[in-house]
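Undergrad: Contents of entry-v3.cif (mmCIF, C-alpha atoms):
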```
data_entry
#
loop_
_atom_site.label_atom_id
_atom_site.label_comp_id
_atom_site.auth_asym_id
_atom_site.auth_seq_id
_atom_site.Cartn_x
_atom_site.Cartn_y
_atom_site.Cartn_z
CA MET P 1 -47.93 173.21 153.32
CA ASN P 2 -49.52 176.31 154.65
CA ARG P 3 -47.53 178.38 152.18
CA MET P 4 -48.94 176.27 149.33
CA ASN P 5 -52.51 176.78 150.46
CA THR P 6 -51.96 180.49 150.82
CA LYS P 7 -50.54 180.72 147.29
CA ARG P 8 -53.52 178.79 145.93
CA ARG P 9 -55.99 181.09 147.62
CA LEU P 10 -54.19 184.17 146.29
CA SER P 11 -54.23 182.75 142.79
CA PHE P 12 -57.97 182.04 143.03
CA LEU P 13 -58.70 185.56 144.19
CA VAL P 14 -56.60 187.06 141.39
CA LEU P 15 -58.41 184.91 138.85
CA LEU P 16 -61.79 185.95 140.27
CA ALA P 17 -60.81 189.63 140.06
CA VAL P 18 -59.75 189.24 136.44
CA VAL P 19 -63.05 187.57 135.53
CA SER P 20 -65.00 190.32 137.30
CA LEU P 21 -63.13 193.04 135.46
CA ALA P 22 -63.71 191.29 132.18
CA GLY P 23 -67.44 191.11 132.92
CA CYS P 24 -67.61 194.80 133.76
CA SER P 25 -65.76 195.59 130.58
CA ASN P 26 -68.30 193.59 128.56
CA GLU P 27 -71.26 195.36 130.25
CA LYS P 28 -69.80 198.74 129.43
CA THR P 29 -69.49 197.81 125.81
CA ARG P 30 -73.21 196.92 125.58
CA THR P 31 -75.47 199.74 124.16
CA ALA P 32 -79.15 200.36 124.99
CA PRO P 33 -81.53 199.63 122.08
CA SER P 34 -82.59 202.79 120.18
CA PRO P 35 -86.39 203.62 120.14
CA GLU P 36 -88.46 202.94 117.06
CA THR P 37 -88.77 205.92 114.73
CA VAL P 38 -92.12 206.98 113.29
CA ARG P 39 -92.13 209.42 110.40
CA ASN P 40 -94.55 211.91 108.88
CA ILE P 41 -96.32 212.70 112.15
CA PRO P 42 -97.60 216.27 112.59
CA VAL P 43 -96.25 218.01 115.70
CA LEU P 44 -97.08 221.38 117.18
CA ALA P 45 -95.79 223.60 119.99
CA VAL P 46 -98.37 224.74 122.50
CA GLN P 47 -98.67 228.45 123.18
CA GLN P 48 -101.08 230.47 125.23
CA ALA P 49 -103.67 232.39 123.23
CA ASN P 50 -106.38 234.93 123.90
CA VAL P 51 -109.78 233.25 123.94
CA PRO P 52 -113.26 234.62 124.69
CA ASP P 53 -114.11 234.59 128.38
CA LEU P 54 -117.64 233.22 128.42
CA LEU P 55 -120.19 233.05 131.20
CA GLU P 56 -122.28 229.91 130.76
CA ALA P 57 -125.84 229.80 132.10
CA VAL P 58 -127.87 226.60 131.94
CA GLY P 59 -131.60 226.48 131.41
CA THR P 60 -134.58 224.75 129.84
CA VAL P 61 -136.20 225.24 126.45
CA ARG P 62 -139.86 226.23 126.71
CA ALA P 63 -142.53 227.32 124.26
CA ALA P 64 -142.97 231.08 124.14
CA GLN P 65 -146.75 230.58 124.27
CA THR P 66 -148.35 227.83 126.34
CA SER P 67 -152.00 227.57 127.34
CA ASP P 68 -154.23 225.16 129.25
CA ALA P 69 -157.51 224.48 127.47
CA ALA P 70 -159.85 224.30 130.48
CA SER P 71 -163.52 223.62 131.03
CA GLN P 72 -165.83 226.56 131.75
CA MET P 73 -168.77 224.53 133.01
CA MET P 74 -169.56 221.39 134.97
CA GLY P 75 -170.46 218.25 133.07
CA ASN P 76 -169.28 214.83 131.97
CA ILE P 77 -166.77 214.65 129.11
CA VAL P 78 -168.44 212.55 126.42
CA GLU P 79 -165.83 212.77 123.65
CA ILE P 80 -162.08 213.34 123.30
CA ARG P 81 -161.03 214.50 119.84
CA ALA P 82 -157.30 215.23 120.34
CA HIS P 83 -154.29 213.50 121.83
CA GLU P 84 -150.67 214.28 122.63
CA GLY P 85 -148.71 215.25 119.55
CA ASP P 86 -151.71 216.34 117.48
CA HIS P 87 -151.33 219.62 115.58
CA VAL P 88 -154.43 221.75 116.09
CA GLN P 89 -155.83 224.97 114.67
CA ARG P 90 -157.24 227.90 116.59
CA GLY P 91 -160.90 227.19 117.50
CA GLN P 92 -160.66 223.46 116.74
CA VAL P 93 -162.82 221.31 119.05
CA LEU P 94 -160.62 219.16 121.28
CA ALA P 95 -163.25 217.66 123.59
CA VAL P 96 -167.04 217.65 124.05
CA ILE P 97 -168.93 217.92 127.35
CA ASP P 98 -172.47 216.58 127.76
CA ASP P 99 -174.69 219.31 126.26
CA SER P 100 -178.19 217.95 126.97
CA GLN P 101 -179.05 220.58 129.57
CA PRO P 102 -177.48 223.57 127.77
CA ARG P 103 -179.20 222.51 124.54
CA ALA P 104 -182.56 222.31 126.31
CA ALA P 105 -181.94 225.78 127.71
CA VAL P 106 -181.27 227.03 124.17
CA ASP P 107 -184.54 225.51 122.97
CA ARG P 108 -186.49 227.18 125.79
CA SER P 109 -184.81 230.52 125.18
CA THR P 110 -185.49 230.24 121.44
CA ALA P 111 -189.18 229.61 122.09
CA ALA P 112 -189.32 232.51 124.54
CA ASP P 113 -187.68 234.76 121.97
CA LEU P 114 -190.25 233.80 119.32
CA ALA P 115 -193.07 234.49 121.77
CA ALA P 116 -191.59 237.87 122.60
CA GLN P 117 -191.38 238.69 118.90
CA GLN P 118 -195.06 237.85 118.43
CA GLN P 119 -195.99 239.97 121.42
CA LEU P 120 -194.03 242.83 119.94
CA VAL P 121 -195.81 242.41 116.61
CA GLY P 122 -199.19 242.53 118.36
CA ALA P 123 -198.18 245.54 120.43
CA ASP P 124 -197.00 247.36 117.30
CA SER P 125 -200.33 246.68 115.60
CA ASP P 126 -202.29 247.95 118.61
CA LEU P 127 -200.12 251.06 118.74
CA THR P 128 -200.61 251.72 115.01
CA LEU P 129 -204.39 251.42 115.40
CA ALA P 130 -204.39 253.66 118.47
CA GLU P 131 -202.38 256.35 116.70
CA SER P 132 -204.71 256.28 113.65
CA THR P 133 -207.75 256.55 115.90
CA LEU P 134 -206.18 259.44 117.77
CA LYS P 135 -205.56 261.31 114.53
CA ARG P 136 -209.17 260.91 113.46
CA TYR P 137 -210.46 261.98 116.84
CA GLN P 138 -208.11 264.93 116.77
CA THR P 139 -209.79 266.18 113.60
CA LEU P 140 -213.27 265.59 115.03
CA PHE P 141 -212.32 267.24 118.29
CA GLU P 142 -211.13 270.34 116.45
CA LYS P 143 -214.52 270.42 114.68
CA LYS P 144 -216.20 269.92 118.05
CA SER P 145 -217.78 266.73 116.74
CA VAL P 146 -216.70 264.72 119.80
CA SER P 147 -216.70 265.53 123.44
CA PRO P 148 -213.51 266.17 125.40
CA GLN P 149 -214.09 263.00 127.38
CA GLU P 150 -214.19 260.84 124.26
CA PHE P 151 -211.05 262.50 122.96
CA ASP P 152 -209.26 261.89 126.29
CA GLU P 153 -210.26 258.22 126.23
CA VAL P 154 -208.74 257.81 122.75
CA LYS P 155 -205.53 259.50 123.93
CA ALA P 156 -205.38 257.19 126.92
CA ARG P 157 -205.79 254.12 124.70
CA ARG P 158 -202.92 255.37 122.55
CA GLN P 159 -200.72 255.80 125.67
CA ALA P 160 -201.63 252.31 126.84
CA ALA P 161 -200.76 250.85 123.42
CA LEU P 162 -197.43 252.66 123.48
CA ALA P 163 -196.65 251.27 126.95
CA ARG P 164 -197.55 247.74 125.82
CA ARG P 165 -195.28 248.14 122.79
CA ASP P 166 -192.37 249.28 125.05
CA MET P 167 -192.98 246.36 127.39
CA ALA P 168 -192.99 243.99 124.42
CA LYS P 169 -189.66 245.44 123.27
CA ALA P 170 -188.19 244.98 126.72
CA GLY P 171 -189.52 241.43 126.84
CA GLN P 172 -187.96 240.67 123.49
CA ALA P 173 -184.58 242.12 124.60
CA GLN P 174 -184.74 239.99 127.75
CA ALA P 175 -185.57 236.88 125.71
CA GLN P 176 -182.70 237.57 123.31
CA ALA P 177 -180.27 238.02 126.21
CA ALA P 178 -181.40 234.71 127.70
CA LEU P 179 -180.99 233.05 124.30
CA SER P 180 -177.47 234.48 123.94
CA GLN P 181 -176.55 233.22 127.40
CA ALA P 182 -177.95 229.78 126.62
CA ARG P 183 -175.98 229.63 123.37
CA THR P 184 -172.82 230.67 125.21
CA SER P 185 -173.37 227.91 127.78
CA LEU P 186 -173.89 225.47 124.92
CA ASP P 187 -170.63 226.62 123.32
CA TYR P 188 -168.86 225.98 126.65
CA THR P 189 -169.53 222.27 126.07
CA ARG P 190 -166.86 222.42 123.34
CA ILE P 191 -163.25 222.66 124.55
CA ARG P 192 -161.44 224.51 121.75
CA ALA P 193 -157.79 225.14 120.90
CA PRO P 194 -156.80 228.69 121.95
CA PHE P 195 -154.30 229.08 119.07
CA ASP P 196 -152.47 227.14 116.39
CA GLY P 197 -150.11 224.68 118.03
CA VAL P 198 -149.56 221.13 119.20
CA VAL P 199 -151.15 219.23 122.08
CA THR P 200 -148.41 218.37 124.57
CA GLU P 201 -150.56 216.94 127.37
CA LYS P 202 -154.02 215.41 127.72
CA LYS P 203 -155.18 215.60 131.33
CA ALA P 204 -158.63 213.95 131.19
CA ASP P 205 -160.46 211.11 129.46
CA SER P 206 -164.02 210.42 128.39
CA GLY P 207 -166.31 210.03 131.38
CA THR P 208 -164.41 212.48 133.56
CA LEU P 209 -166.56 215.02 135.38
CA ALA P 210 -165.27 218.40 134.27
CA SER P 211 -165.61 221.47 136.47
CA PRO P 212 -165.03 225.18 135.76
CA GLY P 213 -161.32 225.92 135.52
CA MET P 214 -160.30 222.26 135.20
CA PRO P 215 -157.49 221.90 132.58
CA ILE P 216 -158.24 219.32 129.90
CA PHE P 217 -155.34 219.89 127.46
CA THR P 218 -152.04 221.76 127.29
CA VAL P 219 -151.36 223.40 123.94
CA GLU P 220 -148.01 224.91 122.90
CA ASP P 221 -147.04 227.16 120.03
CA VAL P 222 -144.38 225.11 118.21
CA HIS P 223 -143.21 228.03 116.08
CA ARG P 224 -141.66 230.07 118.90
CA TYR P 225 -139.35 228.75 121.61
CA ARG P 226 -137.12 230.38 124.17
CA LEU P 227 -134.45 229.29 126.64
CA GLU P 228 -135.17 230.15 130.26
CA ALA P 229 -131.75 230.23 131.92
CA THR P 230 -130.69 231.12 135.47
CA VAL P 231 -127.86 233.58 136.08
CA ASN P 232 -126.11 234.12 139.41
CA GLU P 233 -126.71 237.51 140.98
CA ASN P 234 -122.98 238.33 140.76
CA ASP P 235 -122.95 237.63 137.00
CA LEU P 236 -126.10 239.54 136.07
CA GLN P 237 -123.93 242.51 135.07
CA TYR P 238 -122.88 240.61 131.93
CA VAL P 239 -126.46 240.12 130.71
CA ARG P 240 -128.21 242.86 128.73
CA THR P 241 -131.67 242.90 127.22
CA GLY P 242 -131.61 242.80 123.42
CA GLU P 243 -128.10 241.35 123.04
CA GLN P 244 -127.36 238.36 120.81
CA VAL P 245 -126.01 235.30 122.65
CA SER P 246 -124.91 231.81 121.65
CA VAL P 247 -127.13 228.95 122.79
CA VAL P 248 -126.07 225.28 122.68
CA ILE P 249 -128.64 222.46 122.82
CA ASP P 250 -126.82 219.32 123.98
CA ALA P 251 -129.52 216.81 123.03
CA LEU P 252 -129.46 217.96 119.40
CA ASP P 253 -125.79 217.10 118.76
CA ASN P 254 -124.65 220.29 120.47
CA LEU P 255 -126.78 222.36 118.13
CA GLY P 256 -125.60 225.97 118.19
CA LEU P 257 -128.17 228.74 117.84
CA LYS P 258 -128.12 232.52 118.00
CA GLY P 259 -130.60 233.72 120.58
CA LYS P 260 -131.74 237.13 121.75
CA VAL P 261 -132.28 238.19 125.35
CA VAL P 262 -135.89 239.36 125.49
CA GLN P 263 -136.52 239.53 129.24
CA ILE P 264 -134.69 239.58 132.56
CA VAL P 265 -137.08 238.79 135.39
CA PRO P 266 -136.37 241.62 137.86
CA ALA P 267 -136.86 239.54 141.03
CA ALA P 268 -134.21 237.06 142.15
CA ASP P 269 -135.00 233.61 143.52
CA ALA P 270 -134.55 233.88 147.27
CA ALA P 271 -133.30 230.29 147.64
CA SER P 272 -130.69 230.17 144.85
CA ARG P 273 -129.94 233.91 144.49
CA THR P 274 -130.33 233.65 140.73
CA PHE P 275 -132.21 235.64 138.12
CA LEU P 276 -134.31 234.14 135.33
CA VAL P 277 -133.25 235.25 131.84
CA LYS P 278 -135.50 234.51 128.85
CA ILE P 279 -133.73 234.10 125.50
CA GLU P 280 -135.76 233.94 122.29
CA LEU P 281 -134.55 231.20 119.92
CA PRO P 282 -134.74 231.18 116.10
CA PRO P 283 -137.28 228.81 114.49
CA ASP P 284 -136.08 225.19 114.34
CA THR P 285 -138.26 222.13 113.85
CA ARG P 286 -136.02 220.07 116.16
CA LEU P 287 -136.70 222.20 119.23
CA ARG P 288 -138.96 220.79 121.93
CA SER P 289 -140.05 221.96 125.34
CA GLY P 290 -137.98 220.57 128.18
CA LEU P 291 -134.65 220.32 126.33
CA PHE P 292 -131.50 221.26 128.24
CA GLY P 293 -129.65 224.28 126.89
CA ARG P 294 -126.64 226.46 127.68
CA ALA P 295 -126.43 230.18 127.00
CA GLN P 296 -123.03 231.87 126.68
CA PHE P 297 -122.57 235.52 127.67
CA SER P 298 -119.34 237.39 126.88
CA ARG P 299 -117.13 238.63 129.74
CA GLY P 300 -114.22 239.78 127.53
CA GLU P 301 -111.06 237.74 126.87
CA ARG P 302 -108.60 235.58 128.82
CA GLN P 303 -105.47 233.53 128.15
CA ALA P 304 -105.64 229.75 127.81
CA LEU P 305 -103.75 226.75 126.41
CA MET P 306 -105.68 225.46 123.41
CA ILE P 307 -104.90 222.26 121.54
CA PRO P 308 -106.63 220.53 118.61
CA ARG P 309 -109.29 218.07 119.62
CA SER P 310 -107.66 215.63 117.20
CA ALA P 311 -104.61 215.47 119.52
CA VAL P 312 -106.63 214.07 122.43
CA ILE P 313 -106.61 210.32 123.08
CA GLU P 314 -109.50 208.74 124.98
CA ARG P 315 -108.67 206.07 127.55
CA GLY P 316 -111.99 205.24 129.16
CA GLN P 317 -112.85 208.26 131.28
CA LEU P 318 -109.34 209.73 130.90
CA GLN P 319 -107.95 212.00 128.21
CA GLY P 320 -104.30 212.07 127.22
CA ILE P 321 -101.84 213.42 124.63
CA TYR P 322 -98.46 212.39 123.28
CA VAL P 323 -95.82 214.89 124.49
CA LEU P 324 -92.31 214.98 122.95
CA ASP P 325 -89.17 215.26 125.07
CA GLN P 326 -85.87 216.88 124.01
CA TYR P 327 -85.01 213.76 121.98
CA ARG P 328 -88.37 213.82 120.18
CA VAL P 329 -89.49 210.68 122.00
CA ALA P 330 -93.25 210.63 122.58
CA SER P 331 -94.75 209.74 125.94
CA LEU P 332 -98.42 209.48 126.85
CA ARG P 333 -99.49 212.08 129.39
CA TYR P 334 -102.92 212.38 130.94
CA ILE P 335 -104.36 215.90 131.10
CA THR P 336 -107.41 217.75 132.35
CA LEU P 337 -109.52 219.34 129.64
CA GLY P 338 -111.87 222.28 129.80
CA LYS P 339 -114.58 223.44 127.45
CA PRO P 340 -114.28 222.78 123.71
CA SER P 341 -114.31 225.67 121.26
CA GLY P 342 -114.85 224.57 117.69
CA ALA P 343 -112.02 222.27 116.63
CA GLU P 344 -109.97 223.09 119.74
CA VAL P 345 -110.23 222.34 123.43
CA GLU P 346 -108.75 224.06 126.47
CA VAL P 347 -106.16 222.29 128.64
CA LEU P 348 -106.63 223.07 132.32
CA ALA P 349 -103.80 220.94 133.78
CA GLY P 350 -101.03 218.59 132.65
CA LEU P 351 -99.41 220.71 129.92
CA GLN P 352 -97.03 223.67 129.95
CA ASP P 353 -96.65 226.56 127.56
CA GLY P 354 -94.05 225.78 124.86
CA GLU P 355 -94.20 221.98 125.05
CA ARG P 356 -94.52 220.00 121.84
CA LEU P 357 -97.14 217.35 121.22
CA VAL P 358 -98.45 215.12 118.45
CA ALA P 359 -101.26 216.90 116.63
CA LYS P 360 -102.91 213.82 115.05
CA PRO P 361 -101.88 210.53 116.63
CA GLY P 362 -104.81 208.61 115.19
CA ALA P 363 -105.04 204.99 116.34
CA VAL P 364 -101.26 204.39 116.31
CA ASP P 365 -99.54 203.70 119.64
CA LEU P 366 -96.70 206.28 119.76
CA ASN P 367 -95.70 205.87 123.39
CA GLY P 368 -91.89 205.55 123.65
CA LYS P 369 -91.27 206.10 119.94
CA ARG P 370 -89.14 208.75 118.33
CA ILE P 371 -91.13 211.13 116.13
CA GLU P 372 -89.83 212.45 112.86
CA VAL P 373 -91.50 215.84 112.52
CA GLN P 374 -93.62 216.20 109.40
#
```
Take the structure I supplied and represent it as structure tokens, if you would.
TA:
Amino acid sequence: MNRMNTKRRLSFLVLLAVVSLAGCSNEKTRTAPSPETVRNIPVLAVQQANVPDLLEAVGTVRAAQTSDAASQMMGNIVEIRAHEGDHVQRGQVLAVIDDSQPRAAVDRSTAADLAAQQQLVGADSDLTLAESTLKRYQTLFEKKSVSPQEFDEVKARRQAALARRDMAKAGQAQAQAALSQARTSLDYTRIRAPFDGVVTEKKADSGTLASPGMPIFTVEDVHRYRLEATVNENDLQYVRTGEQVSVVIDALDNLGLKGKVVQIVPAADAASRTFLVKIELPPDTRLRSGLFGRAQFSRGERQALMIPRSAVIERGQLQGIYVLDQYRVASLRYITLGKPSGAEVEVLAGLQDGERLVAKPGAVDLNGKRIEVQ
């Protein structure tokens, strides 16, 4: 009985072994599914290349000429004739200050000037008469027809008339000076544009009490702008006055301009250890004060891995590329990008020299697919 049970167990084990071997044989005969093939996809091999080594300095766009139109006298502002954004001409009246007192002073000075003119006319007439009388008495005195005393009295009257005429002239000059001063004070009641430009800020309204030196408007010359950038003290050696530099304005769709270094402020900022560099920009109607800009100064060349910007895939805040393995199977790899340069962008990390990648993946998902090289 025991022998029968033992034989049955041995038979069961042999049968189990045969089934297991058959299963293993079937698994070995199965083949992994081949990846999908995508054709006509452009592929390129990455190689290091010499690229310009640029020093980038950030700054702010400012008008080359900016002025505050300020009051030169004390008085209430009675009229505002300009507002932010208005284009103004040199000498145009922007605001009016109460002119009642200066106008009254002009009227008084005008009257005083007229009176001084009349006094001068009278003094001239007296002097003319005195000189004629002196000539006649001179003839009579030579003929001994008048006494020396009478002749001396006529001479004295002529001297007195001459003195009155000189005093009248001085009085008239004083009156004219007072009139000129009164007219100048009256002109101070008009706040005028210092040059052709645009009003960028209005700092007072009607009814405000203006005082000497108080800014009323800020006017900028919209025809000339410059970028005021800061450069680290260690990098100042790469900046030279008069050189042409590239300037990028981010807010204007990365507008690229050719600027010229016109000034390097010789004193460094004690807090940041940076120097202020002023770069003159070419005329462009899109430029405005306050825009952010980047100036690029050349430091020579360096080696970098550059790839087409069309090869980059955006995944939220991440950037990736499709890299091919030895079997031409593409896999998505996330990389770290540097600064763009035209149609290319620098790869800082995630890619090695000599690797192949898809140049233009478009919107097609190529991850895990075999690429037929175009």
Undergrad: Between atom CA of Leu281 of chain P and atom CA of Leu257 of chain P, measure the distance and give it in Å to one decimal.
TA: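 About the pair atom CA of Leu281 of chain P and atom CA of Leu257 of chain P: they are 7.1 Å apart.
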Undergrad: Could you spell out the hits of the PyMOL selection byres ((chain P and resi 129) around 12) on the shown file, as a list in words?
TA: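 Selected by the PyMOL selection byres ((chain P and resi 129) around 12) in this file: Gly122, Ala123, Asp124, Ser125, Asp126, Leu127, Thr128, Ala130, Glu131, Ser132, Thr133, Leu134, Lys135, Arg136, Val154, Lys155, Arg157, Arg158, Gln159, Ala160, Ala161 and Leu162 of chain P.
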Undergrad: Thr336 of chain P: which residues within 7 Å, counting all atoms listed in the file, same-chain residues fewer than 4 positions away excluded, as a VMD selection string?
TA: chain P and resid 347 to 350
Undergrad: Of the residues P:Ile249, P:Leu55, P:Ala268, P:Ala156, which is the one nearest to Ser298 of chain P, using all atoms listed in the file?
TA: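 Closest candidate: P:Leu55.
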Undergrad: Applying 12 Å and only C-alpha atoms, which residues near Leu179 of chain P remain after dropping the ones on its own chain fewer than 3 positions away? List them as a tab-separated table (two decimals) with C-alpha atoms, keeping the file's coordinate frame.
TA:
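Result saved to out.tsv:
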```
chain	number	residue	atom	x	y	z
P	102	PRO	CA	-177.48	223.57	127.77
P	103	ARG	CA	-179.20	222.51	124.54
P	104	ALA	CA	-182.56	222.31	126.31
P	105	ALA	CA	-181.94	225.78	127.71
P	106	VAL	CA	-181.27	227.03	124.17
P	107	ASP	CA	-184.54	225.51	122.97
P	108	ARG	CA	-186.49	227.18	125.79
P	109	SER	CA	-184.81	230.52	125.18
P	110	THR	CA	-185.49	230.24	121.44
P	111	ALA	CA	-189.18	229.61	122.09
P	112	ALA	CA	-189.32	232.51	124.54
P	113	ASP	CA	-187.68	234.76	121.97
P	114	LEU	CA	-190.25	233.80	119.32
P	116	ALA	CA	-191.59	237.87	122.60
P	172	GLN	CA	-187.96	240.67	123.49
P	173	ALA	CA	-184.58	242.12	124.60
P	174	GLN	CA	-184.74	239.99	127.75
P	175	ALA	CA	-185.57	236.88	125.71
P	176	GLN	CA	-182.70	237.57	123.31
P	182	ALA	CA	-177.95	229.78	126.62
P	183	ARG	CA	-175.98	229.63	123.37
P	184	THR	CA	-172.82	230.67	125.21
P	185	SER	CA	-173.37	227.91	127.78
P	186	LEU	CA	-173.89	225.47	124.92
```
Undergrad: Pick the closest to Val78 of chain P from P:Thr139, P:Gln181, P:Gln319, P:Ser100: which is it, counting all atoms listed in the file?
TA: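 With all atoms listed in the file as the atom set, the closest residue is P:Ser100.
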Undergrad: Go ahead and compute the interatomic distance for atom CA of Leu209 of chain P and atom CA of Gly75 of chain P, in Å to one decimal.
TA: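 Spanning atom CA of Leu209 of chain P to atom CA of Gly75 of chain P is a straight-line distance of 5.6 Å.
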Undergrad: Give as a short mmCIF file (atom, residue, chain, number, x, y, z; two decimals) with C-alpha atoms, in the coordinates of the input the set of residues within 8 Å of the point (-101.9, 212.5, 128.5), where distances use the file's coordinates and all atoms listed in the file.
TA:
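Once everything was written out, this is out_9.cif:
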```cif
data_model
loop_
_atom_site.label_atom_id
_atom_site.label_comp_id
_atom_site.auth_asym_id
_atom_site.auth_seq_id
_atom_site.Cartn_x
_atom_site.Cartn_y
_atom_site.Cartn_z
CA VAL P 312 -106.63 214.07 122.43
CA ILE P 313 -106.61 210.32 123.08
CA GLN P 319 -107.95 212.00 128.21
CA GLY P 320 -104.30 212.07 127.22
CA ILE P 321 -101.84 213.42 124.63
CA TYR P 322 -98.46 212.39 123.28
CA VAL P 323 -95.82 214.89 124.49
CA LEU P 332 -98.42 209.48 126.85
CA ARG P 333 -99.49 212.08 129.39
CA TYR P 334 -102.92 212.38 130.94
CA ILE P 335 -104.36 215.90 131.10
CA GLY P 350 -101.03 218.59 132.65
#
```
Undergrad: For atom CA of Ala343 of chain P and atom CA of Arg299 of chain P, determine how far apart the two atoms are, in Å to one decimal place.
TA: 21.6 Å
Undergrad: At a cut-off of 8 Å around the point (-138.9, 230.2, 125.4) (file coordinates), what residues fall inside when counting all atoms listed in the file? I'd like the answer as a PyMOL selection string.
TA: chain P and resi 61-65+224-228+278-281
Undergrad: Determine the nearest neighbour of Ala57 of chain P from the options P:Leu357, P:Leu276, P:Leu255, P:Ala363, counting only C-alpha atoms.
TA: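 Smallest distance to Ala57 of chain P is found for P:Leu276.
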Undergrad: Put a box with edges along x, y and z around all the listed atoms of segment 55-68 of chain P, pad it by 5 Å on each side, then give me its centre and sizes in Å, one decimal, as AutoDock Vina command-line options.
TA:
```
--center_x -137.2 --center_y 228.9 --center_z 128.1 --size_x 44.0 --size_y 18.3 --size_z 18.0
```
Undergrad: Can you list what the PyMOL selection byres ((chain P and resi 293) around 6) grabs from this structure, as a list of chain:residue names?
TA: P:Val58, P:Gly59, P:Thr60, P:Val248, P:Ile249, P:Phe292, P:Arg294
Undergrad: Out of P:Ala193, P:Ala82, P:Val38, P:Ala251, which residue has the shortest atom-to-atom distance to Asn367 of chain P when counting all atoms listed in the file?
TA: P:Val38
Undergrad: On this structure, which residues satisfy the PyMOL selection byres ((chain P and resi 303) around 6), written as a list in words?
TA: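 Applying the expression gives Ala49, Asn50, Arg302 and Ala304 of chain P.
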Undergrad: In terms of the shortest atom-to-atom distance over all atoms listed in the file, which of P:Asp353, P:Glu36, P:Asp53, P:Asp152 is closest to Phe297 of chain P?
TA: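 Closest candidate: P:Asp53.
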Undergrad: Determine the nearest neighbour of Arg356 of chain P from the options P:Glu372, P:Asn40, P:Ser341, P:Gln326, counting all atoms listed in the file.
TA: P:Gln326
